[in-house]
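Notes follow the structure.
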Amino acid sequence: MEVPLLKQGDFLIATIQAALTDADLLHLRTALVQQVVRLRSRGVIVDVTSLDVMDSFASRTLREVAQMIRLRGAETVIVGIQPDVAFAMVQLGLKLEDVSTALDLEEGLAHLSRKSTNRV
Amino acid sequence: MFIVSLTTHTLDDTTGVESMTRITSDPESAQVQDEYFESADSSRPASVLLRELVAHLRDNRTQLREEWARRITEAKLLTAMTKDEIFAEATSVYDNYVEALETGTFEALQAYARNLSERIIPRGVETDEVVGIVLLLRDVLARSLFAKYQTDFTKLNRILDAYEPAANRIANTVAVGFVQERERIIREQQEAIRELSTPVLQVRERLLILPIIGVIDSQRARQLTEQLLRGIRTNRAKVVVIDITGVAAMDATVANHLVQTVEASRLLGATVIVTGLSPEIAQTIVNIGVDLGKMNTVGDLQGGIEQAERLLGYKVVPLVETP
């Protein structure tokens, strides 16, 4: 399933709408890393609100996305992790270290706006 | 369970017919009674024996009851109750006991046992005392039967055949009723403690505090985490202050839980400030080698709230009184 990438001002928003296969995740990774420079985005938001499971592959891929996007000169925020998912993730040791997180899309946008004003 | 050996029910004598009428007049318990009375005796149905037994117990009610109350006091049971109370309780237990023997239905006795347990549990009556008094009553009654039928051994045997299973079942019913009532109370209290023990409070827009008091075990730590995460989501919190001033000690497992809570909260986009770490807990956390860089700690709750306000961009200024 393709994840739509929406450009919103300086930011790029990817909303995951259903459980993704590993191939879908890799595809999303490639698309994000390409588009972020093409669209001159300063920040990327990955919205995982509708995911009720986050396995180690998904979590590792998201972390890689964040690292790659940082190398491409933008910031990444993962938003909308459900309480149960968060609890399960820390129990499995999937901590998404050095990746920014926010409660929901609104918070993520606010977070990125703060960062980008700092940069200018 | 009272059927020692099934024989065909012959209702040829008058008593049998009588008991038949009684059974049919009460259709609901007819099944139970039927089984109950269908006991082993080739010459006489057990119902007759039981009736004789019940009559005997009724006739000697006062004396047997007193004997029982005396033996309860002697055995130093029910010390939480006064003598009068024991006697009053003994009377109603006795009557219920005889009634259960007579009717062979245990619903009334069960209800009574539950009611009795409800009254005496708060007074600190223990399970062994309740079992003890019921067994005492059983002994007292058995002894009176021995005394009455000591000349006729065959009859005594038959009477005991009818009496023993019923008496055992009564003892069982009362003891089980008591234990069930106790368990129900324990469950209720556990539930209440669980609900009370983990308040997640909002002190300011987007700022939650979670005061933890008492002992934390793995189960409670887990529940705390779940409640906090849910609280973060519903209150849209950005900063959470976890105050553990009231926690005296913490083992490695629980310390790890705390760290997990901090990490899970971060995944929801909230910053956690832990306040009030006692020296012992600080030592535990250092010993288990938790990376303190990720844990935001402040000495006391006040400091924690102040820092949280700074993070949220609040500034508390005193109201200057206009001259």
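Ordered as shown in the structure tokens, chains take letters A, B, and onward, while each chain numbers its residues from 1 and ligands are numbered from 1 in the order shown.
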
TODO: Tell me the residues of chain B close to chain A, meaning within 12 Å using only C-alpha atoms, as a ChimeraX atom specification.
DONE: /B:206,221-239,256-271,294

- [ ] Would you list, as JSON, numbers by chain, the residues of segment 1-119 of chain A that end up in helix (DSSP H, G or I) under DSSP run on this structure's backbone?
- [x] {"A": [22, 23, 24, 25, 26, 27, 28, 29, 30, 31, 32, 33, 34, 35, 36, 37, 38, 56, 57, 58, 59, 60, 61, 62, 63, 64, 65, 66, 67, 68, 69, 70, 71, 83, 84, 85, 86, 87, 88, 89, 90, 91, 105, 106, 107, 108, 109, 110, 111, 112, 113, 114, 115, 116, 117, 118, 119]}

- [ ] Excluding segment 16-22 of chain A and residues on its chain fewer than 2 positions from it, collect all residues at most 9 Å away from it, counting only C-alpha atoms, and give them as a ChimeraX atom specification.
- [x] /A:1-4,14,24-27,46-54,57-58

- [ ] Show which residues sit within 9 Å of segment 72-82 of chain B, as an MDAnalysis selection string. Count only C-alpha atoms, and ignore same-chain residues fewer than 3 positions away.
- [x] chainID B and resid 67:69 85:87 120 123:126 128:130 132:133 136:137

Those same residues - all heavy atoms - I'd like them written as a compact mmCIF listing (two decimals), in the first residue's frame.
# COMPACT_ATOMS: atom_id res chain seq x y z
N GLU B 67 -24.94 -26.12 75.61
CA GLU B 67 -23.75 -26.96 75.61
C GLU B 67 -22.77 -26.49 74.53
O GLU B 67 -21.56 -26.36 74.74
CB GLU B 67 -24.17 -28.42 75.35
CG GLU B 67 -23.07 -29.39 74.94
CD GLU B 67 -22.15 -29.76 76.10
OE1 GLU B 67 -22.45 -29.32 77.22
OE2 GLU B 67 -21.14 -30.45 75.86
N TRP B 68 -23.34 -26.17 73.39
CA TRP B 68 -22.51 -25.73 72.26
C TRP B 68 -21.82 -24.41 72.60
O TRP B 68 -20.60 -24.26 72.45
CB TRP B 68 -23.39 -25.59 71.02
CG TRP B 68 -22.64 -25.22 69.78
CD1 TRP B 68 -21.38 -25.63 69.45
CD2 TRP B 68 -23.07 -24.38 68.73
NE1 TRP B 68 -21.01 -25.10 68.25
CE2 TRP B 68 -22.03 -24.32 67.78
CE3 TRP B 68 -24.25 -23.66 68.47
CZ2 TRP B 68 -22.13 -23.58 66.61
CZ3 TRP B 68 -24.34 -22.93 67.31
CH2 TRP B 68 -23.29 -22.89 66.38
N ALA B 69 -22.61 -23.44 73.08
CA ALA B 69 -22.06 -22.12 73.43
C ALA B 69 -20.95 -22.28 74.47
O ALA B 69 -19.91 -21.62 74.41
CB ALA B 69 -23.16 -21.21 73.95
N GLU B 85 -23.45 -12.24 72.61
CA GLU B 85 -23.47 -12.28 71.14
C GLU B 85 -23.27 -13.71 70.65
O GLU B 85 -23.94 -14.15 69.72
CB GLU B 85 -22.37 -11.39 70.57
CG GLU B 85 -22.72 -9.92 70.56
CD GLU B 85 -21.54 -9.07 70.12
OE1 GLU B 85 -20.41 -9.33 70.57
OE2 GLU B 85 -21.76 -8.18 69.33
N ILE B 86 -22.33 -14.39 71.28
CA ILE B 86 -22.07 -15.77 70.88
C ILE B 86 -23.34 -16.60 71.04
O ILE B 86 -23.72 -17.36 70.15
CB ILE B 86 -20.92 -16.39 71.72
CG1 ILE B 86 -19.59 -15.72 71.36
CG2 ILE B 86 -20.82 -17.90 71.47
CD1 ILE B 86 -18.41 -16.24 72.14
N PHE B 87 -24.03 -16.37 72.16
CA PHE B 87 -25.23 -17.16 72.42
C PHE B 87 -26.31 -16.85 71.39
O PHE B 87 -26.96 -17.75 70.86
CB PHE B 87 -25.74 -16.91 73.84
CG PHE B 87 -26.78 -17.89 74.25
CD1 PHE B 87 -26.43 -19.21 74.54
CD2 PHE B 87 -28.12 -17.52 74.32
CE1 PHE B 87 -27.40 -20.12 74.90
CE2 PHE B 87 -29.09 -18.44 74.67
CZ PHE B 87 -28.73 -19.74 74.96
N ILE B 120 -19.51 -10.75 60.79
CA ILE B 120 -18.42 -11.05 61.72
C ILE B 120 -17.03 -10.83 61.15
O ILE B 120 -16.09 -10.66 61.89
CB ILE B 120 -18.54 -12.50 62.29
CG1 ILE B 120 -18.45 -13.53 61.18
CG2 ILE B 120 -19.80 -12.65 63.09
CD1 ILE B 120 -18.51 -14.96 61.69
N ARG B 123 -15.23 -7.85 62.34
CA ARG B 123 -14.84 -7.90 63.75
C ARG B 123 -13.61 -8.76 63.96
O ARG B 123 -13.20 -8.99 65.09
CB ARG B 123 -16.00 -8.42 64.58
CG ARG B 123 -17.27 -7.68 64.19
CD ARG B 123 -18.34 -7.82 65.16
NE ARG B 123 -17.88 -7.70 66.54
CZ ARG B 123 -18.69 -7.77 67.56
NH1 ARG B 123 -19.97 -7.97 67.36
NH2 ARG B 123 -18.22 -7.67 68.77
N GLY B 124 -13.05 -9.23 62.90
CA GLY B 124 -11.78 -9.95 62.99
C GLY B 124 -11.92 -11.43 63.30
O GLY B 124 -11.04 -12.03 63.89
N VAL B 125 -13.06 -12.03 62.93
CA VAL B 125 -13.22 -13.47 63.14
C VAL B 125 -12.47 -14.21 62.03
O VAL B 125 -12.57 -13.87 60.86
CB VAL B 125 -14.71 -13.84 63.15
CG1 VAL B 125 -14.88 -15.34 63.24
CG2 VAL B 125 -15.42 -13.16 64.30
N GLU B 126 -11.72 -15.22 62.43
CA GLU B 126 -10.87 -15.92 61.46
C GLU B 126 -11.56 -17.15 60.90
O GLU B 126 -12.51 -17.67 61.50
CB GLU B 126 -9.55 -16.34 62.12
CG GLU B 126 -8.68 -15.19 62.58
CD GLU B 126 -8.18 -14.34 61.43
OE1 GLU B 126 -7.98 -14.89 60.33
OE2 GLU B 126 -8.01 -13.13 61.63
N ASP B 128 -10.51 -20.22 60.77
CA ASP B 128 -10.42 -21.42 61.62
C ASP B 128 -11.46 -21.39 62.73
O ASP B 128 -11.96 -22.43 63.17
CB ASP B 128 -9.00 -21.58 62.18
CG ASP B 128 -8.60 -20.42 63.05
OD1 ASP B 128 -8.76 -19.27 62.58
OD2 ASP B 128 -8.13 -20.63 64.17
N GLU B 129 -11.84 -20.17 63.17
CA GLU B 129 -12.85 -20.09 64.22
C GLU B 129 -14.21 -20.52 63.70
O GLU B 129 -14.94 -21.26 64.36
CB GLU B 129 -12.94 -18.65 64.74
CG GLU B 129 -11.71 -18.22 65.52
CD GLU B 129 -11.88 -16.83 66.08
OE1 GLU B 129 -11.83 -15.86 65.31
OE2 GLU B 129 -12.08 -16.72 67.30
N VAL B 130 -14.53 -20.05 62.49
CA VAL B 130 -15.84 -20.39 61.93
C VAL B 130 -15.93 -21.89 61.68
O VAL B 130 -16.90 -22.54 62.07
CB VAL B 130 -16.07 -19.60 60.62
CG1 VAL B 130 -17.30 -20.11 59.91
CG2 VAL B 130 -16.22 -18.13 60.92
N GLY B 132 -14.20 -24.08 63.14
CA GLY B 132 -14.16 -24.68 64.47
C GLY B 132 -15.53 -24.74 65.12
O GLY B 132 -15.93 -25.79 65.62
N ILE B 133 -16.30 -23.65 65.06
CA ILE B 133 -17.59 -23.69 65.76
C ILE B 133 -18.58 -24.61 65.07
O ILE B 133 -19.35 -25.30 65.73
CB ILE B 133 -18.21 -22.27 65.94
CG1 ILE B 133 -18.46 -21.59 64.61
CG2 ILE B 133 -17.35 -21.40 66.84
CD1 ILE B 133 -19.37 -20.40 64.74
N LEU B 136 -17.71 -28.01 66.06
CA LEU B 136 -18.10 -28.23 67.45
C LEU B 136 -19.58 -28.58 67.55
O LEU B 136 -19.97 -29.51 68.26
CB LEU B 136 -17.84 -26.97 68.28
CG LEU B 136 -16.47 -26.83 68.93
CD1 LEU B 136 -16.41 -25.58 69.76
CD2 LEU B 136 -16.18 -28.05 69.80
N LEU B 137 -20.40 -27.84 66.80
CA LEU B 137 -21.84 -28.11 66.82
C LEU B 137 -22.10 -29.53 66.33
O LEU B 137 -22.90 -30.27 66.92
CB LEU B 137 -22.57 -27.10 65.93
CG LEU B 137 -24.08 -27.32 65.79
CD1 LEU B 137 -24.76 -27.27 67.15
CD2 LEU B 137 -24.71 -26.28 64.87

Got a sec: who's within 10 Å of Leu116 of chain B, counting only C-alpha atoms, leaving out chain neighbours fewer than 6 positions off, as a PDB file with N, CA, C and O atoms, in the first residue's frame?
ATOM      1  N   GLU B  89     -25.904 -15.663  68.375  1.00  0.00           N
ATOM      2  CA  GLU B  89     -25.475 -16.175  67.076  1.00  0.00           C
ATOM      3  C   GLU B  89     -25.633 -17.693  67.055  1.00  0.00           C
ATOM      4  O   GLU B  89     -26.089 -18.266  66.068  1.00  0.00           O
ATOM      5  N   SER B  92     -29.212 -18.761  66.352  1.00  0.00           N
ATOM      6  CA  SER B  92     -29.697 -18.720  64.969  1.00  0.00           C
ATOM      7  C   SER B  92     -28.952 -19.723  64.091  1.00  0.00           C
ATOM      8  O   SER B  92     -29.548 -20.295  63.177  1.00  0.00           O
ATOM      9  N   VAL B  93     -27.666 -19.954  64.388  1.00  0.00           N
ATOM     10  CA  VAL B  93     -26.955 -20.975  63.623  1.00  0.00           C
ATOM     11  C   VAL B  93     -27.600 -22.338  63.871  1.00  0.00           C
ATOM     12  O   VAL B  93     -27.850 -23.103  62.943  1.00  0.00           O
ATOM     13  N   GLN B 110     -27.039 -21.182  53.174  1.00  0.00           N
ATOM     14  CA  GLN B 110     -25.997 -20.487  52.430  1.00  0.00           C
ATOM     15  C   GLN B 110     -26.145 -18.977  52.592  1.00  0.00           C
ATOM     16  O   GLN B 110     -25.187 -18.267  52.892  1.00  0.00           O
ATOM     17  N   VAL B 174     -21.120 -23.732  55.260  1.00  0.00           N
ATOM     18  CA  VAL B 174     -20.827 -22.566  56.093  1.00  0.00           C
ATOM     19  C   VAL B 174     -19.379 -22.111  55.868  1.00  0.00           C
ATOM     20  O   VAL B 174     -19.112 -20.924  55.661  1.00  0.00           O
ATOM     21  N   GLY B 177     -18.970 -20.596  52.450  1.00  0.00           N
ATOM     22  CA  GLY B 177     -19.620 -19.284  52.432  1.00  0.00           C
ATOM     23  C   GLY B 177     -18.751 -18.226  53.068  1.00  0.00           C
ATOM     24  O   GLY B 177     -18.584 -17.126  52.546  1.00  0.00           O
ATOM     25  N   PHE B 178     -18.145 -18.592  54.199  1.00  0.00           N
ATOM     26  CA  PHE B 178     -17.288 -17.640  54.912  1.00  0.00           C
ATOM     27  C   PHE B 178     -16.073 -17.263  54.067  1.00  0.00           C
ATOM     28  O   PHE B 178     -15.754 -16.090  53.896  1.00  0.00           O
ATOM     29  N   GLU B 181     -16.962 -15.061  51.125  1.00  0.00           N
ATOM     30  CA  GLU B 181     -17.242 -13.697  51.539  1.00  0.00           C
ATOM     31  C   GLU B 181     -15.940 -12.940  51.775  1.00  0.00           C
ATOM     32  O   GLU B 181     -15.771 -11.800  51.371  1.00  0.00           O
TER      33      GLU B 181
END

- [ ] Point out the residue among A:Leu6, A:Met68, A:Leu12, A:Ala110 with the least atom-to-atom distance to Arg40 of chain A, counting only C-alpha atoms.
- [x]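 Smallest separation from Arg40 of chain A among the options: A:Leu12.
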
Open item on the list: Would you compute the distance between atom CA of Ile212 of chain B and atom CA of Ile244 of chain B? Give it in Å to one decimal.
Closed with: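 Taking atom CA of Ile212 of chain B as the start and atom CA of Ile244 of chain B as the end point, the length is 5.2 Å.
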
Open item on the list: Which residues are close to Ala142 of chain B, i.e. within 9 Å by only C-alpha atoms, leaving aside same-chain residues fewer than 5 positions away? Reply as a PyMOL selection string.
Closed with: chain B and resi 137+147+160+163-164

Output the selection as an mmCIF file, in the first residue's frame - N, CA, C and O atoms for each residue.
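That gives us out19.cif:
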data_model
loop_
_atom_site.group_PDB
_atom_site.id
_atom_site.type_symbol
_atom_site.label_atom_id
_atom_site.label_comp_id
_atom_site.auth_asym_id
_atom_site.auth_seq_id
_atom_site.Cartn_x
_atom_site.Cartn_y
_atom_site.Cartn_z
ATOM 1 N N LEU B 137 -20.399 -27.836 66.796
ATOM 2 C CA LEU B 137 -21.839 -28.111 66.822
ATOM 3 C C LEU B 137 -22.100 -29.534 66.335
ATOM 4 O O LEU B 137 -22.899 -30.269 66.917
ATOM 5 N N ALA B 147 -25.759 -40.522 73.060
ATOM 6 C CA ALA B 147 -26.363 -40.665 74.380
ATOM 7 C C ALA B 147 -27.779 -41.217 74.270
ATOM 8 O O ALA B 147 -28.211 -42.064 75.054
ATOM 9 N N LEU B 160 -26.898 -42.226 62.319
ATOM 10 C CA LEU B 160 -25.644 -41.557 61.946
ATOM 11 C C LEU B 160 -25.453 -41.550 60.437
ATOM 12 O O LEU B 160 -24.956 -40.580 59.868
ATOM 13 N N TYR B 163 -27.391 -38.720 59.415
ATOM 14 C CA TYR B 163 -26.932 -37.445 59.979
ATOM 15 C C TYR B 163 -25.600 -36.981 59.403
ATOM 16 O O TYR B 163 -25.448 -35.820 59.017
ATOM 17 N N GLU B 164 -24.654 -37.902 59.309
ATOM 18 C CA GLU B 164 -23.286 -37.487 58.974
ATOM 19 C C GLU B 164 -23.153 -36.767 57.632
ATOM 20 O O GLU B 164 -22.569 -35.677 57.586
#

DSSP on the backbone, strand (DSSP E or B) only: what residues of segment 95-306 of chain B does that give? Format it as an mmCIF file with C-alpha atoms, in the first residue's frame.
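Final output, part19.cif:
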data_model
loop_
_atom_site.group_PDB
_atom_site.id
_atom_site.type_symbol
_atom_site.label_atom_id
_atom_site.label_comp_id
_atom_site.auth_asym_id
_atom_site.auth_seq_id
_atom_site.Cartn_x
_atom_site.Cartn_y
_atom_site.Cartn_z
ATOM 1 C CA LEU B 201 -3.430 14.988 37.980
ATOM 2 C CA GLN B 202 -3.381 17.958 35.720
ATOM 3 C CA VAL B 203 -1.924 21.008 37.472
ATOM 4 C CA ARG B 204 -1.699 23.311 34.502
ATOM 5 C CA LEU B 207 1.324 19.648 32.677
ATOM 6 C CA LEU B 208 0.539 16.471 34.611
ATOM 7 C CA ILE B 209 1.801 15.310 37.950
ATOM 8 C CA LEU B 210 1.891 11.712 39.062
ATOM 9 C CA PRO B 211 2.588 11.383 42.768
ATOM 10 C CA ILE B 212 3.584 7.850 43.690
ATOM 11 C CA ILE B 213 3.234 6.763 47.303
ATOM 12 C CA VAL B 239 5.423 17.663 30.486
ATOM 13 C CA VAL B 240 4.885 15.122 33.257
ATOM 14 C CA VAL B 241 6.314 15.371 36.760
ATOM 15 C CA ILE B 242 6.604 11.997 38.476
ATOM 16 C CA ASP B 243 7.098 12.520 42.182
ATOM 17 C CA ILE B 244 8.488 9.547 44.061
ATOM 18 C CA THR B 245 9.090 11.211 47.428
ATOM 19 C CA GLY B 246 6.666 8.724 48.960
ATOM 20 C CA THR B 271 8.971 15.132 28.659
ATOM 21 C CA VAL B 272 9.192 13.461 32.043
ATOM 22 C CA ILE B 273 10.734 15.060 35.109
ATOM 23 C CA VAL B 274 11.332 12.738 38.034
ATOM 24 C CA THR B 275 11.433 14.382 41.448
ATOM 25 C CA ASN B 296 15.380 14.498 33.831
ATOM 26 C CA THR B 297 15.593 14.667 37.607
ATOM 27 C CA VAL B 298 14.958 17.479 40.066
#

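For the pair atom CA of Ala171 of chain B and atom CA of Leu145 of chain B, the interatomic distance is 17.8 Å.
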
TODO: Find the residues near Gln35 of chain A: any atom within 12 Å, counting only C-alpha atoms, skip ones fewer than 2 places away on the same chain, and give them as a PyMOL selection string.
DONE: chain A and resi 4-7+11-14+28-33+37-44+69+72+74

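Of note, atom CA of Val215 of chain B and atom CA of Ile185 of chain B are spaced 21.6 Å apart.
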
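Remark: for Asp55 of chain A, the closest of the candidate residues A:Arg114, A:Leu92, A:Glu106, A:Gly9 is A:Leu92 (distances computed over only C-alpha atoms).
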